[in-house]
file work_16.cif (mmCIF, C-alpha atoms)
data_run
#
loop_
_atom_site.label_atom_id
_atom_site.label_comp_id
_atom_site.auth_asym_id
_atom_site.auth_seq_id
_atom_site.Cartn_x
_atom_site.Cartn_y
_atom_site.Cartn_z
CA MET A 1 -1.30 24.88 -42.39
CA ALA A 2 -1.53 21.77 -40.23
CA LEU A 3 -4.33 21.32 -37.76
CA ILE A 4 -2.99 20.68 -34.27
CA GLN A 5 -5.31 18.87 -31.91
CA THR A 6 -4.33 18.03 -28.36
CA PHE A 7 -5.85 15.00 -26.66
CA SER A 8 -4.94 14.75 -23.01
CA THR A 9 -5.63 12.57 -20.04
CA PHE A 10 -3.53 15.10 -18.14
CA PRO A 11 -5.66 18.25 -18.06
CA ASP A 12 -4.12 21.37 -16.55
CA GLY A 13 -5.67 24.58 -15.28
CA TRP A 14 -8.80 24.29 -13.16
CA PRO A 15 -9.58 20.67 -14.19
CA GLY A 16 -6.01 19.66 -13.29
CA ALA A 17 -6.29 21.44 -9.95
CA GLY A 18 -9.56 19.60 -9.29
CA LEU A 19 -7.92 16.26 -10.01
CA LEU A 20 -5.03 17.20 -7.73
CA MET A 21 -7.54 17.94 -4.95
CA LEU A 22 -9.34 14.61 -5.49
CA ARG A 23 -6.03 12.73 -5.36
CA ALA A 24 -4.90 14.67 -2.29
CA ALA A 25 -8.19 14.04 -0.49
CA ALA A 26 -7.98 10.30 -1.09
CA GLY A 27 -4.26 10.14 -0.28
CA VAL A 28 -4.51 12.10 2.96
CA LEU A 29 -7.53 10.06 4.04
CA LEU A 30 -5.61 6.82 3.48
CA ILE A 31 -2.54 8.07 5.33
CA ASP A 32 -4.76 9.21 8.21
CA GLN A 33 -6.40 5.78 8.29
CA SER A 34 -2.99 4.11 8.38
CA VAL A 35 -2.02 6.26 11.39
CA ALA A 36 -5.04 4.80 13.16
CA TYR A 37 -3.87 1.31 12.16
CA PHE A 38 -0.36 1.99 13.46
CA GLY A 39 -1.85 3.17 16.76
CA GLN A 40 -3.56 -0.18 17.06
CA ALA A 41 -0.64 -2.26 15.71
CA HIS A 42 1.23 -2.50 19.04
CA GLU A 43 -1.61 -4.55 20.48
CA ALA A 44 -2.43 -6.42 17.30
CA ARG A 45 -0.65 -8.62 14.79
CA VAL A 46 2.08 -8.12 12.25
CA LEU A 47 -0.64 -8.34 9.59
CA LEU A 48 -2.18 -5.09 10.80
CA ALA A 49 1.19 -3.31 10.65
CA ALA A 50 1.74 -4.63 7.12
CA LEU A 51 -1.73 -3.43 6.16
CA ALA A 52 -0.94 0.01 7.58
CA LEU A 53 2.29 0.19 5.53
CA ALA A 54 0.41 -0.79 2.36
CA VAL A 55 -2.23 1.88 3.03
CA VAL A 56 0.51 4.50 3.51
CA ALA A 57 2.13 3.45 0.23
CA VAL A 58 -1.14 3.75 -1.70
CA GLY A 59 -1.86 7.11 -0.08
CA LEU A 60 1.58 8.42 -1.04
CA LEU A 61 1.20 7.17 -4.62
CA LEU A 62 -2.07 9.10 -4.87
CA LEU A 63 -0.56 12.23 -3.35
CA VAL A 64 2.29 12.40 -5.85
CA GLY A 65 0.26 11.03 -8.75
CA LEU A 66 2.42 8.02 -9.54
CA LEU A 67 0.69 4.93 -10.97
CA THR A 68 -2.44 6.88 -10.19
CA ARG A 69 -5.13 4.67 -11.68
CA PHE A 70 -3.61 1.52 -10.14
CA ALA A 71 -3.27 3.22 -6.74
CA ALA A 72 -6.83 4.55 -6.95
CA LEU A 73 -8.08 1.05 -7.79
CA LEU A 74 -6.31 -0.36 -4.72
CA ALA A 75 -7.70 2.51 -2.65
CA ALA A 76 -11.26 1.94 -3.86
CA ILE A 77 -11.06 -1.79 -3.15
CA GLY A 78 -9.47 -1.23 0.26
CA ILE A 79 -11.89 1.50 1.33
CA ALA A 80 -14.92 -0.50 0.16
CA ALA A 81 -13.59 -3.60 1.96
CA ASN A 82 -13.13 -1.52 5.11
CA MET A 83 -16.91 -1.07 5.28
CA PHE A 84 -17.39 -4.82 5.88
CA PRO A 85 -17.14 -6.25 9.40
CA TRP A 86 -14.53 -8.91 8.52
CA PHE A 87 -11.91 -6.28 7.67
CA PRO A 88 -9.68 -5.09 10.56
CA ILE A 89 -10.92 -1.63 11.48
CA ALA A 90 -8.98 0.92 13.46
CA PRO A 91 -11.07 2.20 16.37
CA ALA A 92 -10.73 5.92 15.63
CA GLY A 93 -9.89 6.11 11.93
CA PRO A 94 -11.64 8.39 9.47
CA LEU A 95 -13.17 5.38 7.71
CA ASP A 96 -15.02 4.03 10.76
CA ASN A 97 -18.20 5.65 9.39
CA PRO A 98 -19.79 3.81 6.42
CA VAL A 99 -20.90 7.10 4.85
CA ALA A 100 -17.32 8.43 4.90
CA GLY A 101 -16.12 5.14 3.43
CA GLY A 102 -18.72 5.33 0.67
CA LEU A 103 -17.76 8.89 -0.21
CA ALA A 104 -14.05 8.02 -0.18
CA THR A 105 -14.76 5.09 -2.51
CA VAL A 106 -16.55 7.45 -4.90
CA VAL A 107 -13.55 9.81 -4.84
CA ALA A 108 -11.16 6.93 -5.61
CA VAL A 109 -13.36 5.67 -8.45
CA SER A 110 -13.52 9.23 -9.82
CA VAL A 111 -9.74 9.35 -9.92
CA ILE A 112 -9.72 6.01 -11.76
CA CYS A 113 -12.14 7.39 -14.36
CA LEU A 114 -10.56 10.83 -14.81
CA GLY A 115 -6.86 10.07 -14.47
CA PRO A 116 -4.11 11.88 -12.60
CA GLY A 117 -4.16 15.33 -14.20
CA ALA A 118 -1.22 17.49 -15.26
CA PHE A 119 0.02 18.06 -11.70
CA SER A 120 1.27 14.51 -11.19
CA LEU A 121 4.35 12.37 -11.67
CA ASP A 122 2.40 10.35 -14.21
CA ALA A 123 2.10 13.48 -16.37
CA ARG A 124 5.86 14.09 -16.04
CA LEU A 125 6.76 10.49 -16.85
CA PHE A 126 4.23 9.70 -19.55
CA GLY A 127 3.57 13.27 -20.70
CA ARG A 128 1.03 14.90 -22.84
CA ARG A 129 0.88 13.84 -26.47
CA GLU A 130 0.35 16.15 -29.40
CA VAL A 131 -1.23 14.84 -32.57
CA ILE A 132 -0.53 16.82 -35.74
CA ILE A 133 -3.01 16.23 -38.53
CA PRO A 134 -1.56 17.23 -41.91
CA PRO A 135 -3.68 19.45 -44.14
CA ALA A 136 -5.88 17.79 -46.73
CA SER A 137 -4.32 17.77 -50.14
CA SER A 138 -6.09 19.96 -52.68
CA ASN A 139 -4.21 18.23 -55.46
CA SER A 140 -6.40 16.94 -58.30
CA GLU A 141 -4.49 13.63 -58.24
CA ALA A 142 -5.94 12.92 -54.80
CA HIS A 143 -9.49 13.07 -56.23
CA GLY A 144 -9.10 11.03 -59.19
#
call {"tool": "encode", "arguments": {"input": "work_16.cif", "output": "structure tokens"}}
result
Amino acid sequence: MALIQTFSTFPDGWPGAGLLMLRAAAGVLLIDQSVAYFGQAHEARVLLAALALAVVAVGLLLLVGLLTRFAALLAAIGIAANMFPWFPIAPAGPLDNPVAGGLATVVAVSVICLGPGAFSLDARLFGRREVIIPPASSNSEAHG
């Protein structure tokens, strides 16, 4: 009988649901921040509108779990950069508080470390892998 061992970066069940919630929290936060940028874009530059579109794209990637680790890396960098005064800040966005920005950065870094989970497009595209380890041979030729 072969030993079947499953190694997964796409956990399902409660761990997968937890990863889905982490991704959703980060994605919704980024989309909400981009709404604040769009509200400010009419009085600002084209750069701010482009930034808002990029933030929406990263938020959507996190929500659906596509290119999750890359999107979470962009999110972590963007959220951390948002805490510095040289970054354009929307006046009423959810990331106007440094504590909220710090917590959101931790969520994004957690997603980088843990992966997307089973409830993601990454899991559908790249799938779970099953490793089958054949049984050890009890043949005397193997020992000698």
call {"tool": "residues_around", "arguments": {"input": "work_16.cif", "residues": "Ala72 of chain A", "least_positions_apart": "6", "cutoff": "12 Å", "atoms": "all atoms listed in the file", "output": "PyMOL selection string"}}
result
chain A and resi 22-27+30+55+57-63+65-66+78-80+104-116
call {"tool": "atom_distance", "arguments": {"input": "work_16.cif", "atom1": "atom CA of Pro98 of chain A", "atom2": "atom CA of Tyr37 of chain A"}}
result
17.1 Å
call {"tool": "resolve_selection", "arguments": {"input": "work_16.cif", "expression": "the PyMOL selection byres ((chain A and resi 52) around 9)", "output": "list of chain:residue names"}}
result
A:Ile31, A:Gln33, A:Ser34, A:Val35, A:Ala36, A:Tyr37, A:Phe38, A:Ala41, A:Leu47, A:Leu48, A:Ala49, A:Ala50, A:Leu51, A:Leu53, A:Ala54, A:Val55, A:Val56, A:Ala57
call {"tool": "write_last_selection", "arguments": {"input": "work_16.cif", "atoms": "C-alpha atoms", "output": "PDB file, in the coordinates of the input"}}
result
ATOM      1  CA  ILE A  31      -2.540   8.070   5.330  1.00  0.00           C
ATOM      2  CA  GLN A  33      -6.400   5.780   8.290  1.00  0.00           C
ATOM      3  CA  SER A  34      -2.990   4.110   8.380  1.00  0.00           C
ATOM      4  CA  VAL A  35      -2.020   6.260  11.390  1.00  0.00           C
ATOM      5  CA  ALA A  36      -5.040   4.800  13.160  1.00  0.00           C
ATOM      6  CA  TYR A  37      -3.870   1.310  12.160  1.00  0.00           C
ATOM      7  CA  PHE A  38      -0.360   1.990  13.460  1.00  0.00           C
ATOM      8  CA  ALA A  41      -0.640  -2.260  15.710  1.00  0.00           C
ATOM      9  CA  LEU A  47      -0.640  -8.340   9.590  1.00  0.00           C
ATOM     10  CA  LEU A  48      -2.180  -5.090  10.800  1.00  0.00           C
ATOM     11  CA  ALA A  49       1.190  -3.310  10.650  1.00  0.00           C
ATOM     12  CA  ALA A  50       1.740  -4.630   7.120  1.00  0.00           C
ATOM     13  CA  LEU A  51      -1.730  -3.430   6.160  1.00  0.00           C
ATOM     14  CA  LEU A  53       2.290   0.190   5.530  1.00  0.00           C
ATOM     15  CA  ALA A  54       0.410  -0.790   2.360  1.00  0.00           C
ATOM     16  CA  VAL A  55      -2.230   1.880   3.030  1.00  0.00           C
ATOM     17  CA  VAL A  56       0.510   4.500   3.510  1.00  0.00           C
ATOM     18  CA  ALA A  57       2.130   3.450   0.230  1.00  0.00           C
TER      19      ALA A  57
END
call {"tool": "closest_residue", "arguments": {"input": "work_16.cif", "among": "A:Asn97, A:Asp122, A:Ile133, A:Leu29", "to": "Pro85 of chain A", "atoms": "all atoms listed in the file"}}
result
A:Asn97
call {"tool": "atom_distance", "arguments": {"input": "work_16.cif", "atom1": "atom CA of Ala81 of chain A", "atom2": "atom CA of Leu67 of chain A"}}
result
21.1 Å
call {"tool": "atom_distance", "arguments": {"input": "work_16.cif", "atom1": "atom CA of Arg45 of chain A", "atom2": "atom CA of Ala76 of chain A"}}
result
23.9 Å
call {"tool": "closest_residue", "arguments": {"input": "work_16.cif", "among": "A:Gly117, A:Gly39, A:Pro94, A:Gly102", "to": "Gly16 of chain A", "atoms": "all atoms listed in the file"}}
result
A:Gly117
call {"tool": "axis_aligned_box", "arguments": {"input": "work_16.cif", "around": "segment 117-131 of chain A", "padding_each_side": "8 Å", "output": "lines of an AutoDock Vina configuration file"}}
result
center_x = 1.3
center_y = 13.9
center_z = -21.9
size_x = 26.9
size_y = 24.4
size_z = 37.4
